[in-house]
Amino acid sequence: MSERLEIKNVHVAVEGQEILKGVDLTIGRGEVHALMGPNGSGKSTLGYAIMGHPSYEVTEGSVELIDSDGTRHDILAMEPDVRARAGVFLAFQRPMAIPGVRLADFLRHSVTNVRNPDRKEGQELMPMRDFRSELKNKMQELSMDSDFARRYVNDGFSGGEMKRAEILQLAMLRPRFAILDETDSGLDADAVRLASESIARIGGAEMGILIITHHEQLLEHNIPLQTHVMLGGRIVESGGPELAAELHKQGYDRIRKAYPEAAAAEEAMEAERRLESATS
Amino acid sequence: MSIDTEESSTLALGEINKYDFRTNTPTVFKARRGLDRDIVSQISEMKKEPAWMRDFRLKSLDIFNSKPMPKWGGNIGIDFQDIFYYLKPAEQQGKTWEEVPEEIKKTFDRLGIPEAERKFLSGVKAQFESEVVYGSLQEDLAKKGVIFTDTDTAVREHPDLLREYFGKIIPPTDNKFAALNSAVWSGGSFIYVPKGVSIEFPLQAYFRINAESMGQFERTLIIVDEGAHVHYVEGCTAPMYSTESLHSAVVEIVVKKHGRCRYTTIQNWANNIYNLVTKRALAYEGAMMEWIDGNLGSQLTMKYPAVYMMEPGARGEILSIAFATAGQHQDAGAKLVHAAPNTSGRIVSKSISKNGGRSSYRGLVRVEPGAKKSRSSVVCDALILDDISRSDTYPYIEIEEQDVSIGHEASVSKIGEEQLFYLKSRGLSEAEASTMIVGGFIEPLVKELPMEYAVEMNRLIELQMEGSVG
């Protein structure tokens with residue numbers, strides 16, 4: 001049996017409103033999957049729920065990490081930091097700024113914990129010398145300026161810098177499974193190509209990757225084994241790389257027509273969101 | 001953290017050990033609690049002070065008695081008659097390492113304080129043997145004409161210089177606690193930096209650390225002559241443990257034409273202490289005065305370092321950090337007085353409250369008539385870690401001149417759930433994540449500290465943050 005992340009019948013509610021209505025998806029280690037769908041269909045929600053954001057309540061279903069020997073780990077029972085230590089990673093669409101904390105200091109803590117899952121607070125960090133040389137190498141590979149690591153985490157970063165910082169973290173943490181939430185948004189064409197190449201180099205056979213995107217460019221160097229389309233909180237269709245190309249060129253009209261029930265759910269969710277933003 | 005305050009009543013108060021006493025002829029001084037003319041006269045007599053100092057003390061005592069307690073700030077529950085106002089080092093000692101509370105020992109461990117210093121800091125040992133290490137530095141300073149001694153010694157050895165400024169910057173009439181300090185002061189540092197002399201490394205009380213320099217009522221006077229430059233670092237970040245509950249210091253500084261002075265303090269008091277301190281500097285033409293002031297611990301701290309910009313071009317900068325946790329009230333802030341044209345000032349205050357702690361920023365910016373083209377900016381940021389903690393801002397601005405630029409910004413924030421989640425999603429525990437966010441919050445001030453203090457400050461924050469979540 002191969003290592004995999006198994007998502008079964010996952011329902012997720014945010015502030016009482018159900019966003020995901022039963023998602024099934026299995027990602028094997030070494031595989032690339034693409035997740036596409038219109039805005040508000042629930043793609044980011046899936047990422048947050050798998051990582052354990054406190055506002056995203058999983059009301060039904062399971063997310064399990066399965067080792068090669070068949071041992072199952074219940075991801076949903078873990079705190080977010082334990083999930084990270086178990087090898088799950090989420091590249092944020094909009095990463096948070098942590099003013100006053102240098103990217104390098106943050107990463108040293110992060111890398112130490114993820115590589116020594118049993119580390120207790122206050123125990124030794126990864127030796128500075130080893131960390132620095134590894135960080136330097138990774139930044140060179142990603143064509144990043146070494147001064148970048150001295151800046152405060154995402155503080156005053158441009159959209160592109162934030163995304164590159166997320167990719168740097170991915171490279172340093174080398175998770176077993178990574179969800180990349182619109183790592184291409186806000187980047188120009190060259191930057192998307194660079195991101196695509198970087199992810200391909202980092203990923204390889206060691207990582208299972210779920211790429212959430214609206215475009216196919218990010219997939220250029222990361223040919224997905226499967227492309228999944230989310231609509232109204234469900235995955236309604238799965239296919240190969242040609243599906244990503246189709247959606248990128250032609251949008252979601254065909255999908256909406258083919259799955260009227262999901263399209264109706266999407267419209268209802270959208271209406272509710274509009275109502276909320278109007279009354280709040 | 002609870003500190004047993006009972007030891008004070010079981011202190012051995014017998015005859016003085018003559019070896020602990022600095023003058024050649026030991027005087028028999030029997031310490032007792034309370035504050036009256038007899039006690040004050042005895043302190044002066046014991047120190048063999050000149051008549052002017054004795055009179056200054058007695059007059060200050062009258063002022064102290066005539067002044068009401070401040071009606072603002074925090075609750076001061078002090079019985080002034082239940083305090084020892086002067087204890088000789090031998091008596092301050094009076095306890096063993098075993099009696100030092102576990103909390104304090106644990107903090108020493110975490111800070112990596114050397115054994116010899118631990119004993120001194122916890123009051124087990126009255127003298128810290130630092131002469132060997134710092135003797136050569138002392139010699140260098142002396143060659144340049146720098147005077148660096150404790151204030152008691154300065155009264156004897158540099159009476160004229162001291163008397164010119166002593167009690168002139170902060171007169172006993174200034175406030176009740178300045179009057180108290182003026183009546184019973186002991187120890188503290190006296191520094192004179194001659195014209196044009198620049199001291200490249202920070203001067204630290206460590207150089208001549210002993211119980212007398214870090215008493216309850218220390219009195220510090222720093223004179224920076226024209227074009228001279230000094231950075232003084234007071235005390236240390238180790239927890240100051242004392243069986244007495246009142247600490248009331250006075251720090252007076254004069255920075256003459258084009259001089260520069262930076263005064264850095266990080267204090268971390270035990271939880272039983274009332275820390276009521278008056279600090280003020282006068283900055284003359286083109287001079288620069290900076291206070292960097294970090295306050296942790298104590299049950300109540302009231303401290304507002306001040307810069308009076310007396311002549312054109314003077315600058316004043318005050319950076320203040322306060323951390324209040326359970327049972328603590330940090331009423332800290334700053335004071336800038338623009339008394340001349342073209343003066344500029346800046347206040348940056350950062351406070352953190354957690355576990356029911358309370359921190360207040362209290363600050364004054366005053367522009368005197370005629371202080372045209374003065375500029376001041378005040379930025380105070382408060383971080384509150386939970387729902388039971390509190391933060392207040394009391395900014396006072398008095399402007400009696402039109403042609404000025406004064407800015408004030410204040411922000412209060414809570415540690416955001418989104419920030420915590422982001423850090424946790426990268427493998428940091430909730431406690432590590434909170435500590436990191438708090439560390440980042442005060443980073444702009446910590447980076448102004450000398451390296452070893454910055455490291456200790458960060459460790460202290462980690463200690464304070466322990467057990468704050470889950």
# chains A, B, ... in the order shown; residues from 1 in each chain; ligands from 1
call {"tool": "interface_residues", "arguments": {"of": "chain A", "to": "chain B", "cutoff": "7 Å", "atoms": "only C-alpha atoms", "output": "list in words"}}
result
Met51, His53, Pro80, Asp81, Val82, Ala84, Arg85, Met96, Ile98, Pro99, Gly100, Val101, Ser110, Asn113, Val114 and Glu121 of chain A
call {"tool": "residues_around", "arguments": {"residues": "Leu90 (chain A)", "least_positions_apart": "2", "cutoff": "6 Å", "atoms": "only C-alpha atoms", "output": "mmCIF file with C-alpha atoms, in the first residue's frame"}}
result
data_model
loop_
_atom_site.group_PDB
_atom_site.id
_atom_site.type_symbol
_atom_site.label_atom_id
_atom_site.label_comp_id
_atom_site.auth_asym_id
_atom_site.auth_seq_id
_atom_site.Cartn_x
_atom_site.Cartn_y
_atom_site.Cartn_z
ATOM 1 C CA PHE A 92 -1.918 30.088 2.284
ATOM 2 C CA ALA A 178 0.925 19.827 0.634
ATOM 3 C CA ILE A 179 -2.114 21.873 -0.288
ATOM 4 C CA LEU A 180 -1.213 24.920 -2.347
#
call {"tool": "select_by_dssp", "arguments": {"residues": "region 97-239 of chain A", "states": "strand (DSSP E or B)", "output": "list in words"}}
result
Arg102, Tyr152, Phe177, Ala178, Ile179, Leu180, Asp181, Gly208, Ile209, Leu210, Ile211, Ile212, Gln226, Thr227, His228, Val229, Met230, Leu231, Arg234, Ile235, Val236, Glu237, Ser238 and Gly239 of chain A
call {"tool": "residues_around", "arguments": {"residues": "Val12 (chain A)", "least_positions_apart": "4", "cutoff": "10 Å", "atoms": "only C-alpha atoms", "output": "PyMOL selection string"}}
result
chain A and resi 16-23+42+45-46+48-49+55-61+233
call {"tool": "residues_around", "arguments": {"residues": "Ala287 (chain B)", "least_positions_apart": "6", "cutoff": "9 Å", "atoms": "only C-alpha atoms", "output": "ChimeraX atom specification"}}
result
/B:226-227,255-261,309,311,313-316
call {"tool": "write_last_selection", "arguments": {"atoms": "C-alpha atoms", "output": "PDB file, in the first residue's frame"}}
result
ATOM      1  CA  GLU B 226      29.895  69.222  26.411  1.00  0.00           C
ATOM      2  CA  GLY B 227      30.338  66.954  23.419  1.00  0.00           C
ATOM      3  CA  VAL B 255      23.478  66.397  29.148  1.00  0.00           C
ATOM      4  CA  LYS B 256      25.358  69.526  28.185  1.00  0.00           C
ATOM      5  CA  LYS B 257      25.808  71.134  24.780  1.00  0.00           C
ATOM      6  CA  HIS B 258      26.099  68.526  22.009  1.00  0.00           C
ATOM      7  CA  GLY B 259      26.487  65.736  24.555  1.00  0.00           C
ATOM      8  CA  ARG B 260      24.761  62.385  24.153  1.00  0.00           C
ATOM      9  CA  CYS B 261      23.462  60.078  26.814  1.00  0.00           C
ATOM     10  CA  MET B 309      14.783  70.018  26.300  1.00  0.00           C
ATOM     11  CA  GLU B 311      17.993  74.795  24.692  1.00  0.00           C
ATOM     12  CA  GLY B 313      18.299  71.707  19.033  1.00  0.00           C
ATOM     13  CA  ALA B 314      17.975  69.436  22.049  1.00  0.00           C
ATOM     14  CA  ARG B 315      16.492  66.009  21.384  1.00  0.00           C
ATOM     15  CA  GLY B 316      14.761  63.545  23.651  1.00  0.00           C
TER      16      GLY B 316
END
call {"tool": "atom_distance", "arguments": {"atom1": "CA of Glu141 (chain A)", "atom2": "CA of Val192 (chain A)"}}
result
15.8 Å
call {"tool": "residues_around", "arguments": {"residues": "Lys138 (chain A)", "least_positions_apart": "6", "cutoff": "9 Å", "atoms": "only C-alpha atoms", "output": "JSON list (two decimals) with N, CA and C atoms, in the first residue's frame"}}
result
[["chain", "number", "residue", "atom", "x", "y", "z"],
["A", 144, "MET", "N", 16.05, 33.29, -4.79],
["A", 144, "MET", "CA", 15.62, 34.31, -3.84],
["A", 144, "MET", "C", 16.83, 35.01, -3.25],
["A", 168, "LEU", "N", 9.12, 28.91, -0.25],
["A", 168, "LEU", "CA", 10.35, 28.67, 0.51],
["A", 168, "LEU", "C", 10.06, 27.78, 1.73],
["A", 171, "ALA", "N", 9.64, 24.31, 0.67],
["A", 171, "ALA", "CA", 10.93, 23.69, 0.36],
["A", 171, "ALA", "C", 11.67, 23.28, 1.62],
["A", 172, "MET", "N", 11.60, 24.12, 2.66],
["A", 172, "MET", "CA", 12.32, 23.83, 3.90],
["A", 172, "MET", "C", 11.63, 22.74, 4.71]]
